[in-house]
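Structure below is target.txt: compact mmCIF, C-alpha atoms and all ligand atoms.
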# COMPACT_ATOMS: atom_id res chain seq x y z
CA MET A 1099 0.00 0.00 0.00
CA ILE A 1100 1.45 3.35 -1.02
CA GLU A 1101 0.37 6.05 1.38
CA ARG A 1102 1.00 9.78 1.44
CA PRO A 1103 4.31 10.90 2.95
CA ARG A 1104 4.42 11.80 6.64
CA GLY A 1105 3.47 15.38 7.41
CA THR A 1106 1.47 15.87 4.18
CA ARG A 1107 -2.28 16.00 3.66
CA ASP A 1108 -4.83 15.29 0.97
CA LEU A 1109 -7.37 18.08 0.81
CA ASP A 1110 -10.89 17.10 -0.17
CA PRO A 1111 -13.27 19.27 -2.24
CA GLU A 1112 -14.95 20.80 0.83
CA GLU A 1113 -11.60 21.71 2.38
CA MET A 1114 -10.44 23.15 -0.93
CA GLU A 1115 -13.53 25.31 -1.24
CA VAL A 1116 -13.04 26.68 2.26
CA ARG A 1117 -9.37 27.34 1.52
CA TYR A 1118 -10.16 29.02 -1.78
CA LYS A 1119 -12.59 31.40 -0.12
CA ILE A 1120 -10.10 32.36 2.58
CA GLU A 1121 -7.33 32.71 0.00
CA GLN A 1122 -9.46 35.11 -2.00
CA LYS A 1123 -10.21 37.19 1.08
CA LEU A 1124 -6.48 37.49 1.80
CA ARG A 1125 -5.76 38.47 -1.80
CA ASN A 1126 -8.47 41.13 -1.69
CA ILE A 1127 -7.28 42.56 1.63
CA SER A 1128 -3.68 42.72 0.36
CA ARG A 1129 -4.75 44.39 -2.85
CA SER A 1130 -6.74 46.91 -0.81
CA PHE A 1131 -3.37 47.86 0.77
CA GLY A 1132 -1.82 48.27 -2.70
CA TYR A 1133 0.11 44.98 -2.63
CA ARG A 1134 0.44 42.83 -5.78
CA GLU A 1135 0.92 39.10 -6.06
CA ILE A 1136 4.12 37.39 -7.12
CA LEU A 1137 5.25 33.77 -7.27
CA THR A 1138 8.76 32.40 -6.89
CA PRO A 1139 9.97 28.83 -7.60
CA THR A 1140 9.11 25.98 -5.25
CA PHE A 1141 12.80 25.05 -5.12
CA GLU A 1142 15.91 27.18 -4.86
CA HIS A 1143 19.66 26.73 -4.43
CA THR A 1144 20.05 25.48 -0.85
CA GLU A 1145 22.60 28.22 -0.19
CA LEU A 1146 19.84 30.85 -0.38
CA PHE A 1147 18.45 29.54 2.89
CA THR A 1148 21.63 28.39 4.65
CA LYS A 1149 23.26 31.82 4.38
CA LYS A 1150 21.06 33.70 6.78
CA SER A 1151 17.90 32.02 7.90
CA GLY A 1152 19.27 30.47 11.06
CA PRO A 1153 19.83 26.94 12.39
CA ASP A 1154 16.19 26.00 13.01
CA ILE A 1155 15.15 26.37 9.42
CA VAL A 1156 18.39 24.98 8.01
CA ASN A 1157 18.07 21.78 10.03
CA GLU A 1158 14.55 21.43 8.70
CA LEU A 1159 15.37 21.84 5.01
CA TYR A 1160 14.23 19.32 2.45
CA HIS A 1161 17.25 19.33 0.18
CA PHE A 1162 18.82 17.06 -2.38
CA GLU A 1163 21.37 16.97 -5.15
CA ASP A 1164 19.75 17.26 -8.56
CA LYS A 1165 20.95 15.41 -11.69
CA GLY A 1166 23.29 18.27 -12.49
CA GLY A 1167 24.98 17.97 -9.08
CA ARG A 1168 23.38 21.14 -7.67
CA ASP A 1169 22.31 21.35 -4.04
CA ILE A 1170 18.62 22.19 -4.25
CA ALA A 1171 16.13 22.86 -1.44
CA LEU A 1172 12.35 22.99 -1.38
CA ARG A 1173 11.52 26.44 -0.01
CA PRO A 1174 10.92 26.46 3.77
CA GLU A 1175 9.50 30.01 3.43
CA PHE A 1176 9.27 32.73 0.77
CA THR A 1177 11.16 35.71 2.18
CA ALA A 1178 14.64 34.75 1.00
CA SER A 1179 13.20 33.87 -2.44
CA VAL A 1180 11.41 37.21 -2.70
CA ILE A 1181 14.57 39.17 -1.94
CA ARG A 1182 16.46 36.99 -4.44
CA ALA A 1183 13.78 37.67 -7.04
CA TYR A 1184 13.85 41.37 -6.22
CA ASN A 1185 17.61 41.44 -6.71
CA GLU A 1186 17.38 39.48 -9.96
CA GLY A 1187 14.59 41.33 -11.71
CA MET A 1188 12.68 43.90 -9.67
CA ARG A 1189 15.31 46.36 -8.48
CA GLU A 1190 14.23 49.01 -10.97
CA LEU A 1191 10.58 48.94 -9.88
CA PRO A 1192 9.39 52.04 -8.01
CA LYS A 1193 9.53 51.95 -4.21
CA PRO A 1194 7.86 51.12 -2.00
CA LEU A 1195 7.45 47.78 -3.65
CA LYS A 1196 4.55 45.92 -2.07
CA LEU A 1197 4.38 42.21 -2.82
CA PHE A 1198 2.32 39.29 -1.59
CA TYR A 1199 2.46 35.56 -2.23
CA PHE A 1200 0.65 32.35 -1.48
CA GLY A 1201 1.89 28.79 -1.82
CA PRO A 1202 3.24 25.65 -0.22
CA SER A 1203 6.39 25.63 1.92
CA PHE A 1204 8.31 22.59 3.14
CA ARG A 1205 10.02 21.90 6.45
CA TYR A 1206 11.32 18.58 7.67
CA GLU A 1207 9.76 18.85 11.12
CA ARG A 1208 8.25 16.33 13.51
CA PRO A 1209 4.62 16.37 12.41
CA GLN A 1210 1.90 17.01 14.97
CA ALA A 1211 -1.41 18.85 15.15
CA GLY A 1212 -0.91 22.12 13.25
CA ARG A 1213 2.65 21.27 12.24
CA TYR A 1214 3.20 19.75 8.83
CA ARG A 1215 6.04 19.02 6.44
CA GLU A 1216 4.12 20.65 3.63
CA PHE A 1217 2.13 23.70 4.68
CA TRP A 1218 0.88 26.85 3.00
CA GLN A 1219 1.98 30.37 3.66
CA PHE A 1220 0.27 33.59 2.74
CA GLY A 1221 2.80 36.37 3.11
CA THR A 1222 3.84 39.86 2.13
CA GLU A 1223 7.04 41.88 1.72
CA LEU A 1224 7.30 45.67 1.75
CA ILE A 1225 10.55 46.66 0.07
CA GLY A 1226 12.10 50.12 0.18
CA PRO A 1227 11.10 52.38 3.06
CA ASP A 1228 12.73 52.05 6.45
CA THR A 1229 10.29 54.16 8.43
CA THR A 1230 7.98 53.74 11.39
CA LYS A 1231 5.14 54.21 8.89
CA ALA A 1232 6.33 51.19 6.90
CA ASP A 1233 6.52 49.06 10.06
CA ALA A 1234 3.01 50.17 11.00
CA GLU A 1235 1.68 49.44 7.51
CA ASN A 1236 3.21 45.96 7.66
CA ILE A 1237 1.71 45.17 11.06
CA ALA A 1238 -1.65 46.70 10.14
CA LEU A 1239 -1.93 44.51 7.05
CA ALA A 1240 -1.09 41.42 9.11
CA TYR A 1241 -3.81 42.38 11.57
CA LYS A 1242 -6.37 43.07 8.83
CA CYS A 1243 -5.61 39.69 7.23
CA ILE A 1244 -6.19 37.83 10.49
CA LYS A 1245 -9.28 39.84 11.34
CA GLY A 1246 -10.52 39.84 7.74
CA ILE A 1247 -10.71 36.07 7.48
CA GLY A 1248 -12.96 36.13 10.55
CA LEU A 1249 -10.68 35.42 13.52
CA ASP A 1250 -11.37 37.21 16.78
CA GLU A 1251 -9.52 35.24 19.44
CA PHE A 1252 -5.88 36.12 18.94
CA THR A 1253 -3.05 38.23 20.32
CA LEU A 1254 -0.66 40.25 18.22
CA LYS A 1255 2.62 40.54 20.15
CA ILE A 1256 5.00 43.32 19.13
CA SER A 1257 8.60 44.03 19.96
CA ASN A 1258 11.65 45.89 18.70
CA LEU A 1259 14.72 43.64 18.66
CA LYS A 1260 16.88 46.73 19.09
CA ILE A 1261 15.60 47.06 22.65
CA LEU A 1262 17.01 43.65 23.54
CA ASP A 1263 20.19 44.40 21.56
CA LYS A 1264 20.69 47.46 23.75
CA PHE A 1265 20.03 45.45 26.89
CA LEU A 1266 22.68 42.91 25.89
CA GLU A 1267 25.13 45.64 25.00
CA GLU A 1268 24.62 47.36 28.34
CA ASN A 1269 25.26 44.07 30.07
CA ASP A 1270 28.54 43.63 28.18
CA ILE A 1271 27.32 40.69 26.17
CA ASP A 1272 29.01 40.32 22.82
CA LEU A 1273 26.37 40.90 20.11
CA GLU A 1274 27.91 37.95 18.22
CA LYS A 1275 26.12 35.83 20.83
CA LYS A 1276 22.78 37.48 20.31
CA GLN A 1277 21.33 34.90 17.89
CA ASP A 1278 22.04 32.16 20.41
CA ILE A 1279 20.34 34.22 23.11
CA TYR A 1280 17.37 35.05 20.87
CA HIS A 1281 16.87 31.40 20.00
CA LYS A 1282 16.81 30.57 23.70
CA ILE A 1283 14.35 33.36 24.46
CA ASP A 1284 12.20 32.07 21.60
CA LYS A 1285 12.22 28.65 23.26
CA GLU A 1286 11.51 30.28 26.65
CA GLU A 1287 14.85 29.13 28.09
CA ILE A 1288 15.39 32.33 30.09
CA ASP A 1289 16.97 30.55 33.07
CA GLU A 1290 19.60 28.96 30.86
CA ILE A 1291 20.59 32.30 29.35
CA SER A 1292 20.71 33.95 32.76
CA GLU A 1293 23.06 31.27 34.02
CA GLU A 1294 25.23 31.07 30.92
CA TYR A 1295 25.71 34.84 30.68
CA SER A 1296 25.67 35.50 34.45
CA LEU A 1297 22.65 37.77 34.25
CA GLY A 1298 20.97 36.63 37.47
CA SER A 1299 17.36 37.77 37.39
CA LYS A 1300 18.13 40.84 35.24
CA LEU A 1301 16.83 39.50 31.94
CA MET A 1302 13.60 38.20 33.41
CA GLU A 1303 13.03 41.50 35.19
CA PHE A 1304 13.79 43.44 32.04
CA LEU A 1305 11.34 41.42 29.96
CA ASN A 1306 8.60 42.14 32.49
CA MET A 1307 9.12 45.91 32.53
CA GLU A 1308 6.84 48.53 31.04
CA LEU A 1309 8.31 50.38 28.03
CA GLU A 1310 8.89 53.58 30.06
CA GLU A 1311 10.92 51.69 32.61
CA MET A 1312 12.97 49.96 29.91
CA SER A 1313 13.78 53.30 28.42
CA SER A 1314 15.24 54.64 31.64
CA VAL A 1315 17.14 51.41 32.42
CA LEU A 1316 18.75 51.39 28.98
CA GLY A 1317 20.02 54.94 29.01
CA ASP A 1318 19.26 55.18 25.28
CA PRO A 1319 15.58 55.91 24.64
CA GLU A 1320 15.78 55.51 20.83
CA PRO A 1321 14.63 51.88 20.33
CA VAL A 1322 11.78 52.29 22.80
CA GLU A 1323 10.74 55.59 21.21
CA TYR A 1324 10.76 53.94 17.78
CA LEU A 1325 8.45 51.19 18.98
CA LYS A 1326 6.14 53.71 20.65
CA GLU A 1327 5.87 55.66 17.42
CA VAL A 1328 4.86 52.50 15.56
CA LEU A 1329 2.26 51.74 18.24
CA ASP A 1330 0.88 55.28 17.93
CA LEU A 1331 0.59 54.90 14.16
CA LEU A 1332 -1.29 51.63 14.59
CA GLU A 1333 -4.11 53.59 16.19
CA TYR A 1334 -4.87 55.14 12.79
CA TYR A 1335 -5.69 51.70 11.42
CA GLY A 1336 -8.48 51.02 13.88
CA ILE A 1337 -6.72 48.07 15.46
CA GLU A 1338 -8.63 46.89 18.52
CA GLU A 1339 -6.48 47.26 21.60
CA LYS A 1340 -7.63 43.95 23.07
CA HIS A 1341 -5.59 42.17 20.41
CA LEU A 1342 -2.33 44.09 20.93
CA LYS A 1343 0.42 43.28 23.38
CA VAL A 1344 3.91 44.72 23.66
CA ASP A 1345 6.10 41.73 24.43
CA ILE A 1346 9.84 42.27 24.28
CA GLY A 1347 10.34 38.49 24.57
CA THR A 1348 8.98 38.17 21.00
CA VAL A 1349 12.22 37.55 19.12
CA ARG A 1350 11.28 35.32 16.12
CA GLY A 1351 13.03 32.10 15.16
CA LEU A 1352 14.84 33.33 12.03
CA ASP A 1353 18.18 35.11 12.08
CA TYR A 1354 17.50 37.83 9.53
CA TYR A 1355 15.25 40.03 11.68
CA LYS A 1356 16.70 43.26 13.03
CA GLY A 1357 14.05 45.78 14.18
CA VAL A 1358 10.34 45.76 14.93
CA VAL A 1359 9.03 42.18 14.94
CA PHE A 1360 5.66 40.63 15.72
CA GLU A 1361 3.79 37.36 16.05
CA VAL A 1362 0.15 36.42 16.21
CA ASP A 1363 -0.95 33.67 18.57
CA ALA A 1364 -4.34 31.99 18.40
CA GLU A 1365 -4.32 30.71 21.97
CA ASN A 1366 -7.10 28.18 21.30
CA LEU A 1367 -4.70 26.12 19.22
CA GLY A 1368 -2.50 24.92 22.09
CA ALA A 1369 1.13 24.04 21.32
CA GLU A 1370 1.29 25.19 17.69
CA LYS A 1371 -0.56 28.43 18.29
CA GLN A 1372 1.57 30.85 16.28
CA ILE A 1373 -0.46 31.63 13.18
CA LEU A 1374 1.61 34.50 11.82
CA GLY A 1375 5.06 35.99 12.22
CA GLY A 1376 7.06 38.79 10.68
CA GLY A 1377 8.92 42.03 11.02
CA ASP A 1378 11.79 44.16 9.83
CA TYR A 1379 14.70 42.17 8.42
CA ASN A 1380 17.86 42.34 6.38
CA LEU A 1381 18.51 39.85 3.60
CA GLY A 1382 19.93 42.38 1.12
CA ASP A 1383 23.46 41.68 2.32
CA VAL A 1384 23.20 38.10 1.01
CA PHE A 1385 23.25 39.75 -2.44
CA GLY A 1386 25.51 42.65 -1.58
CA ILE A 1387 22.70 45.21 -1.74
CA ASP A 1388 21.44 47.62 0.85
CA ILE A 1389 17.67 47.46 0.91
CA SER A 1390 15.13 47.83 3.67
CA SER A 1391 12.39 45.21 3.83
CA LYS A 1392 9.59 44.28 6.17
CA GLY A 1393 7.04 41.53 5.85
CA PHE A 1394 5.14 38.70 7.46
CA ALA A 1395 3.84 35.25 6.69
CA MET A 1396 0.64 33.71 7.88
CA GLY A 1397 0.47 29.97 8.45
CA PHE A 1398 -2.54 29.34 6.25
CA ASP A 1399 -3.30 25.85 7.61
CA ARG A 1400 -3.06 26.92 11.24
CA SER A 1401 -5.26 29.93 10.58
CA ILE A 1402 -7.89 27.58 9.20
CA LEU A 1403 -7.60 25.40 12.31
CA ALA A 1404 -8.06 28.56 14.39
CA LEU A 1405 -11.16 29.50 12.38
CA GLU A 1406 -12.49 26.01 12.94
CA THR A 1407 -12.04 26.24 16.72
CA GLU A 1408 -13.81 29.62 16.68
CA GLU A 1409 -16.51 28.07 14.46
CA LYS A 1410 -15.93 30.80 11.90
CA LEU A 1411 -15.20 28.78 8.77
CA PRO A 1412 -16.86 30.31 5.70
CA GLU A 1413 -20.06 28.72 4.50
CA LEU A 1414 -19.72 26.53 1.43
CA ASP A 1415 -21.61 27.50 -1.71
CA ASP A 1416 -24.12 24.97 -2.94
CA LEU A 1417 -23.91 23.72 -6.49
CA ASP A 1418 -26.80 25.00 -8.59
CA CYS A 1419 -28.61 22.51 -10.80
CA TYR A 1420 -28.67 18.76 -11.15
CA ILE A 1421 -30.44 17.67 -14.29
CA ILE A 1422 -32.29 14.38 -14.19
CA PRO A 1423 -33.47 13.06 -17.57
CA ILE A 1424 -36.25 10.56 -17.03
CA GLY A 1425 -35.83 7.87 -19.64
CA GLU A 1426 -33.64 8.03 -22.74
CA GLU A 1427 -35.97 10.41 -24.59
CA GLY A 1428 -35.19 13.18 -22.12
CA TYR A 1429 -31.44 13.30 -22.80
CA GLU A 1430 -31.12 15.40 -25.95
CA TYR A 1431 -33.44 18.04 -24.57
CA SER A 1432 -31.62 17.92 -21.21
CA TYR A 1433 -28.28 18.70 -22.86
CA ASP A 1434 -29.81 21.92 -24.27
CA ILE A 1435 -30.62 22.99 -20.76
CA LEU A 1436 -27.25 21.86 -19.43
CA GLU A 1437 -25.41 23.93 -22.05
CA GLU A 1438 -27.54 26.99 -21.41
CA LEU A 1439 -26.86 26.84 -17.68
CA ARG A 1440 -23.13 26.17 -17.99
CA SER A 1441 -22.60 28.92 -20.53
CA ASN A 1442 -24.19 31.34 -18.04
CA ASN A 1443 -21.78 30.26 -15.29
CA ILE A 1444 -24.43 28.38 -13.39
CA SER A 1445 -23.00 25.14 -12.05
CA ALA A 1446 -24.92 22.31 -13.65
CA ASP A 1447 -24.48 18.59 -13.76
CA ILE A 1448 -26.41 15.80 -15.42
CA ASP A 1449 -26.99 12.21 -14.41
CA LEU A 1450 -24.34 10.10 -16.15
CA MET A 1451 -25.39 6.76 -14.75
CA GLY A 1452 -28.95 6.35 -15.99
CA ARG A 1453 -30.23 6.27 -12.42
CA GLY A 1454 -33.90 6.28 -11.52
CA VAL A 1455 -35.41 9.56 -10.29
CA GLY A 1456 -35.28 8.57 -6.60
CA LYS A 1457 -31.59 7.72 -6.62
CA ALA A 1458 -30.70 10.70 -8.78
CA LEU A 1459 -32.50 13.01 -6.33
CA GLY A 1460 -30.61 11.37 -3.47
CA TYR A 1461 -27.34 12.12 -5.26
CA ALA A 1462 -28.35 15.75 -5.86
CA ASP A 1463 -29.24 16.09 -2.19
CA LYS A 1464 -25.99 14.58 -0.89
CA ASN A 1465 -23.96 16.82 -3.19
CA ASN A 1466 -25.78 19.95 -2.06
CA PHE A 1467 -27.39 20.94 -5.33
CA ARG A 1468 -29.92 23.72 -4.82
CA TYR A 1469 -32.20 22.56 -7.61
CA ALA A 1470 -32.99 19.34 -9.41
CA ILE A 1471 -34.26 19.79 -12.95
CA LEU A 1472 -36.48 16.95 -14.02
CA ILE A 1473 -36.93 16.25 -17.71
CA GLY A 1474 -39.46 13.56 -18.64
CA GLY A 1475 -41.63 12.84 -21.67
CA ASN A 1476 -44.08 15.63 -20.74
CA GLU A 1477 -41.37 18.25 -20.46
CA VAL A 1478 -39.92 17.28 -23.85
CA GLU A 1479 -43.31 17.35 -25.48
CA ASP A 1480 -44.49 20.63 -23.93
CA GLU A 1481 -41.07 22.31 -24.09
CA THR A 1482 -41.05 22.93 -20.35
CA VAL A 1483 -38.73 22.21 -17.43
CA THR A 1484 -39.66 21.01 -13.96
CA ILE A 1485 -37.56 22.64 -11.24
CA LYS A 1486 -37.45 21.14 -7.77
CA ASN A 1487 -36.07 23.25 -4.94
CA MET A 1488 -33.96 20.78 -2.96
CA HIS A 1489 -34.17 22.77 0.27
CA THR A 1490 -37.94 23.32 0.40
CA GLY A 1491 -39.11 20.44 -1.81
CA ASP A 1492 -41.24 22.92 -3.84
CA GLN A 1493 -41.62 22.06 -7.48
CA ARG A 1494 -42.71 24.17 -10.48
CA THR A 1495 -42.98 23.52 -14.18
CA ILE A 1496 -42.26 26.41 -16.52
CA ASP A 1497 -41.89 27.07 -20.20
CA LYS A 1498 -38.38 26.37 -21.48
CA ASN A 1499 -38.05 29.81 -23.11
CA ASP A 1500 -39.13 31.52 -19.89
CA PHE A 1501 -36.55 29.42 -18.05
CA PHE A 1502 -33.80 30.47 -20.49
CA LYS A 1503 -34.88 34.09 -20.10
CA GLU A 1504 -34.63 33.74 -16.31
CA VAL A 1505 -31.17 32.22 -16.71
CA ASP A 1506 -30.02 35.05 -19.01
CA GLU A 1507 -31.26 37.66 -16.57
CA GLY A 1508 -29.29 36.13 -13.73
CA TRP A 1509 -30.71 33.06 -12.15
CA THR A 1510 -30.55 32.61 -8.41
P1 LIG B 1601 7.80 31.75 10.25
O1 LIG B 1601 7.40 32.21 11.62
O2 LIG B 1601 8.91 30.77 10.16
O3 LIG B 1601 8.15 33.05 9.42
O4 LIG B 1601 6.53 31.16 9.53
C1 LIG B 1601 5.33 31.89 9.42
C2 LIG B 1601 4.14 31.04 9.84
O5 LIG B 1601 4.11 29.82 9.10
C3 LIG B 1601 4.19 30.59 11.29
O6 LIG B 1601 3.72 31.59 12.15
C4 LIG B 1601 3.28 29.37 11.28
O7 LIG B 1601 1.93 29.77 11.42
C5 LIG B 1601 3.48 28.82 9.88
N1 LIG B 1601 4.31 27.60 9.94
C6 LIG B 1601 5.64 27.51 10.08
N2 LIG B 1601 6.05 26.23 10.07
C7 LIG B 1601 4.93 25.48 9.92
C8 LIG B 1601 4.67 24.06 9.83
N3 LIG B 1601 5.63 23.18 9.87
N4 LIG B 1601 3.37 23.66 9.68
C9 LIG B 1601 2.36 24.56 9.62
N5 LIG B 1601 2.55 25.89 9.69
C10 LIG B 1601 3.82 26.35 9.85
C11 LIG B 1601 8.50 33.04 8.09
O8 LIG B 1601 8.42 32.08 7.38
C12 LIG B 1601 8.97 34.37 7.58
N6 LIG B 1601 9.36 34.21 6.17
C13 LIG B 1601 7.90 35.45 7.73
C14 LIG B 1601 8.34 36.77 7.15
C15 LIG B 1601 7.98 37.28 5.96
N7 LIG B 1601 9.15 37.63 7.73
C16 LIG B 1601 9.32 38.65 6.93
N8 LIG B 1601 8.64 38.44 5.83

Would you encode the structure as structure tokens?
Amino acid sequence: MIERPRGTRDLDPEEMEVRYKIEQKLRNISRSFGYREILTPTFEHTELFTKKSGPDIVNELYHFEDKGGRDIALRPEFTASVIRAYNEGMRELPKPLKLFYFGPSFRYERPQAGRYREFWQFGTELIGPDTTKADAENIALAYKCIKGIGLDEFTLKISNLKILDKFLEENDIDLEKKQDIYHKIDKEEIDEISEEYSLGSKLMEFLNMELEEMSSVLGDPEPVEYLKEVLDLLEYYGIEEKHLKVDIGTVRGLDYYKGVVFEVDAENLGAEKQILGGGDYNLGDVFGIDISSKGFAMGFDRSILALETEEKLPELDDLDCYIIPIGEEGYEYSYDILEELRSNNISADIDLMGRGVGKALGYADKNNFRYAILIGGNEVEDETVTIKNMHTGDQRTIDKNDFFKEVDEGWT
């Protein structure tokens, strides 16, 4: 028995319809912010990801040598690809360049609920401006995406990595060590850091401080002021305060971040609750260019799980018409009706198995058709159609030309 690989899923038609609807919402929201969609290859040179993405992602890469001896990796995320694509062909485009993408990503992780080896990301990158306004725009779009697909039970945690950088500097910790420290903070191993870097309770205390207090402890107010300015700007976007939390312990798991960063947790999900992550990063130096960029990626699959736990999945659309020819003589006439419906973008199907009316109606019911269209000898002879409303059971017989006129005028 050949089964699907570990950590992958087969998505059935109902799941696909739900996903498609959510996808479209995200596309529309991003377009409303002036972002435009791009697509990069599913695989890249492995080096693109090993250069700067950090040990977590690198250990999780799906990579292999291709027939030409190249080291190739399935993308674990899109950000590095987008900056590569920008460098290769989009550098001349006017700034700010606002891009979004949607597609599968691959990470060789231990699969569990909400964690897969193939998963989908919806993400954005804002290339060009390095301003508080750009950070705010980035965070606001992330928020609108989460809110716009219908989620309400989530927390958006915001930080500025430069605040922690300053803290480390003031405590004479070599910034070379900062990635190691960030990874430990990300894994909530505060005690370990405190011991290893002889910080006692200082780090824990610092992480629990209010922004004002941090500012005075650090001696340099700049990184705190920057974050406060971003928070002030977020007010213009109508972001509900109940969802926002300043959390300086939000450090992200990837090594390319450098400034304001954020994550969204859907607490209902338990262990794998992070449904979105992003921030200000630097990948330009991988290509020897100096370019500011800020973005985020939403875990599409986890967001759907979160919608499911909030019982907010979008409703599925019913199919429209199931045509049931009664006896062979009904077929030719039925195909006329089928063609008319399909050419007007009304979903229509016809019995292909020569089933009796009872069974055909059962099929139409199970497949959520709104109407069954019954075509028997009488209908053919009188040039009529009999339409049965599958929800109410009501049935009416009307002239075929009147039916076509109804269809032309927009049938509901
Ligand atoms: P990330 O936090 O590694 O960031 O991934 C973004 C989201 O993808 C996560 O918050 C999570 O919801 C989802 N995700 C990650 N791994 C899995 C998995 N194995 N199964 C299911 N969902 C998963 C990035 O990828 C950055 N590129 C985001 C970014 C864009 N930063 C700047 N621009």

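Counting from CA of Ile1387 (chain A), the distance to CA of Phe1220 (chain A) is 25.7 Å.
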
Completion exercise
One decimal place gives the CA of Ile1155 (chain A)-CA of Asp1363 (chain A) separation as 19.9 Å

Problem - For CA of Ile1424 (chain A) and CA of Ile1444 (chain A), the interatomic separation in Å (one decimal) - result: 21.7 Å

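Between Met1396 (chain A) and the residues A:Arg1173, A:Lys1231, A:Lys1371, A:Lys1503, the shortest atom-to-atom distance, using all atoms listed in the file, involves A:Lys1371.
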
Dump the neighbourhood of ligand LIG 1601 (chain B) as an mmCIF file with C-alpha atoms, in the coordinates of the input: all residues within 8 Å, distances computed on all atoms listed in the file.
data_model
loop_
_atom_site.group_PDB
_atom_site.id
_atom_site.type_symbol
_atom_site.label_atom_id
_atom_site.label_comp_id
_atom_site.auth_asym_id
_atom_site.auth_seq_id
_atom_site.Cartn_x
_atom_site.Cartn_y
_atom_site.Cartn_z
ATOM 1 C CA ILE A 1155 15.150 26.370 9.420
ATOM 2 C CA PRO A 1174 10.920 26.460 3.770
ATOM 3 C CA GLU A 1175 9.500 30.010 3.430
ATOM 4 C CA PHE A 1176 9.270 32.730 0.770
ATOM 5 C CA THR A 1177 11.160 35.710 2.180
ATOM 6 C CA ALA A 1178 14.640 34.750 1.000
ATOM 7 C CA PHE A 1204 8.310 22.590 3.140
ATOM 8 C CA ARG A 1205 10.020 21.900 6.450
ATOM 9 C CA TYR A 1206 11.320 18.580 7.670
ATOM 10 C CA GLU A 1207 9.760 18.850 11.120
ATOM 11 C CA PRO A 1209 4.620 16.370 12.410
ATOM 12 C CA GLY A 1212 -0.910 22.120 13.250
ATOM 13 C CA ARG A 1213 2.650 21.270 12.240
ATOM 14 C CA TYR A 1214 3.200 19.750 8.830
ATOM 15 C CA ARG A 1215 6.040 19.020 6.440
ATOM 16 C CA GLU A 1216 4.120 20.650 3.630
ATOM 17 C CA PHE A 1217 2.130 23.700 4.680
ATOM 18 C CA TRP A 1218 0.880 26.850 3.000
ATOM 19 C CA GLN A 1219 1.980 30.370 3.660
ATOM 20 C CA GLY A 1221 2.800 36.370 3.110
ATOM 21 C CA THR A 1222 3.840 39.860 2.130
ATOM 22 C CA GLU A 1223 7.040 41.880 1.720
ATOM 23 C CA ARG A 1350 11.280 35.320 16.120
ATOM 24 C CA GLY A 1351 13.030 32.100 15.160
ATOM 25 C CA LEU A 1352 14.840 33.330 12.030
ATOM 26 C CA TYR A 1355 15.250 40.030 11.680
ATOM 27 C CA GLU A 1361 3.790 37.360 16.050
ATOM 28 C CA VAL A 1362 0.150 36.420 16.210
ATOM 29 C CA GLU A 1370 1.290 25.190 17.690
ATOM 30 C CA LYS A 1371 -0.560 28.430 18.290
ATOM 31 C CA GLN A 1372 1.570 30.850 16.280
ATOM 32 C CA ILE A 1373 -0.460 31.630 13.180
ATOM 33 C CA LEU A 1374 1.610 34.500 11.820
ATOM 34 C CA GLY A 1375 5.060 35.990 12.220
ATOM 35 C CA GLY A 1376 7.060 38.790 10.680
ATOM 36 C CA GLY A 1377 8.920 42.030 11.020
ATOM 37 C CA ASP A 1378 11.790 44.160 9.830
ATOM 38 C CA TYR A 1379 14.700 42.170 8.420
ATOM 39 C CA SER A 1391 12.390 45.210 3.830
ATOM 40 C CA LYS A 1392 9.590 44.280 6.170
ATOM 41 C CA GLY A 1393 7.040 41.530 5.850
ATOM 42 C CA PHE A 1394 5.140 38.700 7.460
ATOM 43 C CA ALA A 1395 3.840 35.250 6.690
ATOM 44 C CA MET A 1396 0.640 33.710 7.880
ATOM 45 C CA GLY A 1397 0.470 29.970 8.450
ATOM 46 C CA PHE A 1398 -2.540 29.340 6.250
ATOM 47 C CA ASP A 1399 -3.300 25.850 7.610
ATOM 48 C CA ARG A 1400 -3.060 26.920 11.240
ATOM 49 C CA SER A 1401 -5.260 29.930 10.580
#

May I have the residues within 9 Å of region 1324-1334 of chain A as an mmCIF file with C-alpha atoms, keeping the file's coordinate frame, using only C-alpha atoms and disregarding those fewer than 4 positions away in the same chain?
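around29.cif was written with the following content:
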data_model
loop_
_atom_site.group_PDB
_atom_site.id
_atom_site.type_symbol
_atom_site.label_atom_id
_atom_site.label_comp_id
_atom_site.auth_asym_id
_atom_site.auth_seq_id
_atom_site.Cartn_x
_atom_site.Cartn_y
_atom_site.Cartn_z
ATOM 1 C CA THR A 1230 7.980 53.740 11.390
ATOM 2 C CA LYS A 1231 5.140 54.210 8.890
ATOM 3 C CA ALA A 1232 6.330 51.190 6.900
ATOM 4 C CA ASP A 1233 6.520 49.060 10.060
ATOM 5 C CA ALA A 1234 3.010 50.170 11.000
ATOM 6 C CA GLU A 1235 1.680 49.440 7.510
ATOM 7 C CA ILE A 1237 1.710 45.170 11.060
ATOM 8 C CA ALA A 1238 -1.650 46.700 10.140
ATOM 9 C CA ILE A 1256 5.000 43.320 19.130
ATOM 10 C CA SER A 1257 8.600 44.030 19.960
ATOM 11 C CA ASN A 1258 11.650 45.890 18.700
ATOM 12 C CA LEU A 1309 8.310 50.380 28.030
ATOM 13 C CA PRO A 1319 15.580 55.910 24.640
ATOM 14 C CA GLU A 1320 15.780 55.510 20.830
ATOM 15 C CA GLU A 1338 -8.630 46.890 18.520
ATOM 16 C CA GLU A 1339 -6.480 47.260 21.600
ATOM 17 C CA VAL A 1358 10.340 45.760 14.930
#
